[in-house]
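Visitor: One structure, pasted below without further comment.
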Amino acid sequence: MIDACSIESYRTLGMTAEVQRMRVLDTVRQARHPSSSDIERLTGIQRTSVTARLKKLEDDGLIYKAGTKKDPFTGKTVNWYAAVD
């Protein structure tokens with residue numbers, strides 16, 4: 001049996017930071033009120049990489065924290081992101 005973590009690692013192996021950045025930005029643009037956890041689930045990119053890409057996109061003025069919502073899996077209040085028009 002193949003470990004799920006191994007599959008995720010394989011999928012993101014070789015994915016450059018720039019490719020990850022564009023996938024995260026596309027997800028923010030297309031998903032409805034995406035949190036970092038949502039982006040992780042939708043893209044398969046590891047949480048630490050998602051967080052780093054969100055920070056860079058926010059610093060570059062391409063996205064912003066648009067509000068908060070309750071995460072359906074953890075029940076915690078989380079930030080969600082939106083793209084700058």
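Here, A, B, ... name the chains of the structure tokens in the order displayed, residue numbers run from 1 inside each chain, and ligands are numbered from 1 in the same displayed order.
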DSSP says strand (DSSP E or B) for which residues of region 2-83 of chain A? Put them as a compact mmCIF listing (two decimals) with N, CA and C atoms, in the first residue's frame?
Guide:
# COMPACT_ATOMS: atom_id res chain seq x y z
N ILE A 63 -3.43 39.53 -3.90
CA ILE A 63 -4.54 38.99 -3.11
C ILE A 63 -4.59 39.73 -1.78
N TYR A 64 -5.69 39.52 -1.05
CA TYR A 64 -5.81 40.10 0.29
C TYR A 64 -6.70 39.21 1.13
N LYS A 65 -6.56 39.34 2.46
CA LYS A 65 -7.44 38.63 3.37
C LYS A 65 -8.77 39.37 3.35
N ALA A 66 -9.80 38.70 2.85
CA ALA A 66 -11.07 39.36 2.61
C ALA A 66 -12.08 39.18 3.74
N GLY A 67 -11.84 38.24 4.62
CA GLY A 67 -12.78 38.00 5.71
C GLY A 67 -12.43 36.74 6.47
N THR A 68 -13.35 36.32 7.32
CA THR A 68 -13.17 35.08 8.07
C THR A 68 -14.38 34.18 7.85
N LYS A 69 -14.16 32.90 8.10
CA LYS A 69 -15.24 31.92 8.01
C LYS A 69 -14.89 30.75 8.91
N LYS A 70 -15.83 29.88 9.13
CA LYS A 70 -15.59 28.69 9.94
C LYS A 70 -15.19 27.55 9.02
N THR A 77 -12.19 29.28 13.21
CA THR A 77 -12.35 30.47 12.38
C THR A 77 -11.05 30.71 11.64
N VAL A 78 -11.15 30.85 10.32
CA VAL A 78 -9.97 31.02 9.47
C VAL A 78 -10.17 32.21 8.54
N ASN A 79 -9.06 32.75 8.05
CA ASN A 79 -9.12 33.82 7.06
C ASN A 79 -9.41 33.21 5.69
N TRP A 80 -10.13 33.95 4.87
CA TRP A 80 -10.27 33.57 3.47
C TRP A 80 -9.74 34.69 2.60
N TYR A 81 -9.36 34.34 1.40
CA TYR A 81 -8.63 35.25 0.51
C TYR A 81 -9.43 35.58 -0.75
N ALA A 82 -9.14 36.75 -1.29
CA ALA A 82 -9.73 37.18 -2.56
C ALA A 82 -8.63 37.82 -3.40
N ALA A 83 -8.81 37.77 -4.70
CA ALA A 83 -7.86 38.38 -5.62
C ALA A 83 -8.21 39.86 -5.80
Visitor: Ala31 (chain A): which residues within 12 Å, counting only C-alpha atoms, same-chain residues fewer than 3 positions away excluded, as number ranges by chain?
Guide: A: 23-28, 34-36, 38-39, 41-43, 80-83
Visitor: Output the selection as a tab-separated table (two decimals), in the first residue's frame - all heavy atoms for each residue.
Guide:
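Wrote it out as again02.tsv, contents follow:
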chain	number	residue	atom	x	y	z
A	23	ARG	N	-0.67	28.45	-9.27
A	23	ARG	CA	-1.78	27.55	-8.92
A	23	ARG	C	-2.57	28.11	-7.74
A	23	ARG	O	-3.80	28.06	-7.72
A	23	ARG	CB	-1.27	26.15	-8.60
A	23	ARG	CG	-0.86	25.40	-9.87
A	23	ARG	CD	-0.49	23.98	-9.62
A	23	ARG	NE	-1.64	23.21	-9.17
A	23	ARG	CZ	-1.56	21.99	-8.68
A	23	ARG	NH1	-0.39	21.40	-8.56
A	23	ARG	NH2	-2.63	21.35	-8.30
A	24	VAL	N	-1.85	28.66	-6.75
A	24	VAL	CA	-2.51	29.25	-5.59
A	24	VAL	C	-3.33	30.47	-6.04
A	24	VAL	O	-4.49	30.62	-5.66
A	24	VAL	CB	-1.50	29.61	-4.49
A	24	VAL	CG1	-2.14	30.48	-3.41
A	24	VAL	CG2	-0.91	28.34	-3.87
A	25	LEU	N	-2.74	31.33	-6.86
A	25	LEU	CA	-3.44	32.52	-7.34
A	25	LEU	C	-4.68	32.12	-8.15
A	25	LEU	O	-5.77	32.68	-7.95
A	25	LEU	CB	-2.52	33.39	-8.19
A	25	LEU	CG	-3.14	34.68	-8.75
A	25	LEU	CD1	-3.68	35.57	-7.64
A	25	LEU	CD2	-2.10	35.43	-9.58
A	26	ASP	N	-4.56	31.15	-9.03
A	26	ASP	CA	-5.71	30.68	-9.81
A	26	ASP	C	-6.81	30.15	-8.90
A	26	ASP	O	-8.00	30.40	-9.13
A	26	ASP	CB	-5.30	29.58	-10.80
A	26	ASP	CG	-4.49	30.10	-11.96
A	26	ASP	OD1	-4.48	31.33	-12.20
A	26	ASP	OD2	-3.84	29.28	-12.64
A	27	THR	N	-6.42	29.43	-7.86
A	27	THR	CA	-7.39	28.88	-6.91
A	27	THR	C	-8.10	30.00	-6.15
A	27	THR	O	-9.32	29.95	-5.97
A	27	THR	CB	-6.71	27.90	-5.94
A	27	THR	OG1	-6.09	26.86	-6.71
A	27	THR	CG2	-7.71	27.27	-4.99
A	28	VAL	N	-7.36	31.02	-5.73
A	28	VAL	CA	-7.97	32.15	-5.04
A	28	VAL	C	-8.98	32.83	-5.96
A	28	VAL	O	-10.07	33.22	-5.53
A	28	VAL	CB	-6.91	33.16	-4.54
A	28	VAL	CG1	-7.54	34.45	-4.06
A	28	VAL	CG2	-6.06	32.54	-3.44
A	34	PRO	N	-11.81	31.00	-0.46
A	34	PRO	CA	-10.85	29.96	-0.11
A	34	PRO	C	-9.93	30.34	1.05
A	34	PRO	O	-9.35	31.41	1.07
A	34	PRO	CB	-10.03	29.78	-1.38
A	34	PRO	CG	-10.03	31.15	-1.99
A	34	PRO	CD	-11.41	31.70	-1.69
A	35	SER	N	-9.81	29.45	2.02
A	35	SER	CA	-8.84	29.58	3.10
A	35	SER	C	-7.57	28.85	2.68
A	35	SER	O	-7.56	28.15	1.66
A	35	SER	CB	-9.40	28.97	4.39
A	35	SER	OG	-9.51	27.56	4.24
A	36	SER	N	-6.54	28.96	3.49
A	36	SER	CA	-5.31	28.23	3.16
A	36	SER	C	-5.56	26.73	3.16
A	36	SER	O	-5.02	26.00	2.32
A	36	SER	CB	-4.18	28.60	4.12
A	36	SER	OG	-4.53	28.32	5.45
A	38	ASP	N	-8.41	25.25	2.38
A	38	ASP	CA	-9.14	24.96	1.14
A	38	ASP	C	-8.16	24.87	-0.03
A	38	ASP	O	-8.26	23.97	-0.87
A	38	ASP	CB	-10.16	26.06	0.83
A	38	ASP	CG	-11.28	26.15	1.86
A	38	ASP	OD1	-11.64	25.11	2.45
A	38	ASP	OD2	-11.79	27.27	2.06
A	39	ILE	N	-7.24	25.82	-0.09
A	39	ILE	CA	-6.27	25.86	-1.19
A	39	ILE	C	-5.38	24.62	-1.14
A	39	ILE	O	-5.10	24.01	-2.17
A	39	ILE	CB	-5.44	27.16	-1.13
A	39	ILE	CG1	-6.37	28.36	-1.39
A	39	ILE	CG2	-4.30	27.12	-2.13
A	39	ILE	CD1	-5.77	29.70	-1.04
A	41	ARG	N	-6.22	21.68	0.04
A	41	ARG	CA	-7.05	20.54	-0.41
A	41	ARG	C	-7.28	20.58	-1.92
A	41	ARG	O	-7.24	19.55	-2.59
A	41	ARG	CB	-8.39	20.54	0.32
A	41	ARG	CG	-8.31	20.06	1.75
A	41	ARG	CD	-9.68	19.87	2.37
A	41	ARG	NE	-10.37	21.11	2.67
A	41	ARG	CZ	-10.26	21.79	3.80
A	41	ARG	NH1	-9.47	21.36	4.76
A	41	ARG	NH2	-10.95	22.90	3.99
A	42	LEU	N	-7.52	21.77	-2.46
A	42	LEU	CA	-7.83	21.89	-3.89
A	42	LEU	C	-6.61	21.71	-4.80
A	42	LEU	O	-6.74	21.23	-5.92
A	42	LEU	CB	-8.47	23.25	-4.17
A	42	LEU	CG	-9.87	23.45	-3.60
A	42	LEU	CD1	-10.27	24.92	-3.65
A	42	LEU	CD2	-10.88	22.59	-4.35
A	43	THR	N	-5.43	22.12	-4.33
A	43	THR	CA	-4.24	22.06	-5.17
A	43	THR	C	-3.34	20.87	-4.89
A	43	THR	O	-2.55	20.49	-5.74
A	43	THR	CB	-3.38	23.33	-5.00
A	43	THR	OG1	-2.92	23.40	-3.65
A	43	THR	CG2	-4.16	24.58	-5.37
A	80	TRP	N	-10.13	33.95	4.87
A	80	TRP	CA	-10.27	33.57	3.47
A	80	TRP	C	-9.74	34.69	2.60
A	80	TRP	O	-9.63	35.83	3.05
A	80	TRP	CB	-11.70	33.17	3.11
A	80	TRP	CG	-12.77	34.20	3.24
A	80	TRP	CD1	-13.51	34.45	4.35
A	80	TRP	CD2	-13.23	35.09	2.22
A	80	TRP	NE1	-14.42	35.44	4.09
A	80	TRP	CE2	-14.27	35.87	2.78
A	80	TRP	CE3	-12.89	35.32	0.90
A	80	TRP	CZ2	-14.96	36.83	2.07
A	80	TRP	CZ3	-13.58	36.29	0.19
A	80	TRP	CH2	-14.59	37.03	0.77
A	81	TYR	N	-9.36	34.34	1.40
A	81	TYR	CA	-8.63	35.25	0.51
A	81	TYR	C	-9.43	35.58	-0.75
A	81	TYR	O	-10.26	34.79	-1.20
A	81	TYR	CB	-7.30	34.62	0.09
A	81	TYR	CG	-6.37	34.42	1.26
A	81	TYR	CD1	-6.45	33.28	2.06
A	81	TYR	CD2	-5.44	35.38	1.60
A	81	TYR	CE1	-5.63	33.11	3.16
A	81	TYR	CE2	-4.61	35.22	2.70
A	81	TYR	CZ	-4.71	34.08	3.47
A	81	TYR	OH	-3.89	33.94	4.56
A	82	ALA	N	-9.14	36.75	-1.29
A	82	ALA	CA	-9.73	37.18	-2.56
A	82	ALA	C	-8.63	37.82	-3.40
A	82	ALA	O	-7.66	38.35	-2.86
A	82	ALA	CB	-10.87	38.17	-2.32
A	83	ALA	N	-8.81	37.77	-4.70
A	83	ALA	CA	-7.86	38.38	-5.62
A	83	ALA	C	-8.21	39.86	-5.80
A	83	ALA	O	-9.39	40.23	-5.78
A	83	ALA	CB	-7.88	37.68	-6.96
Visitor: Using Å and a single decimal, report how far CA of Asp59 (chain A) sits from CA of Asp71 (chain A).
Guide: 24.3 Å
Visitor: Just asking: which residues within chain A are alpha helix (DSSP H) according to DSSP, as a ChimeraX atom specification?
Guide: /A:4-12,17-30,36-43,47-59
Visitor: Between A:Gln20, A:Gln30, A:Val84, A:Gly75, which has the minimum distance to Gly44 (chain A) (counting only C-alpha atoms)?
Guide: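 Nearest to Gly44 (chain A): A:Gln20.
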Visitor: What's the separation between CA of Leu57 (chain A) and CA of Glu40 (chain A), in Å to one decimal place?
Guide: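 So the two atoms, CA of Leu57 (chain A) and CA of Glu40 (chain A), lie 15.4 Å apart.
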Visitor: Could you tell me how far CA of Thr48 (chain A) sits from CA of Asp60 (chain A), in Å to one decimal place?
Guide: 18.5 Å
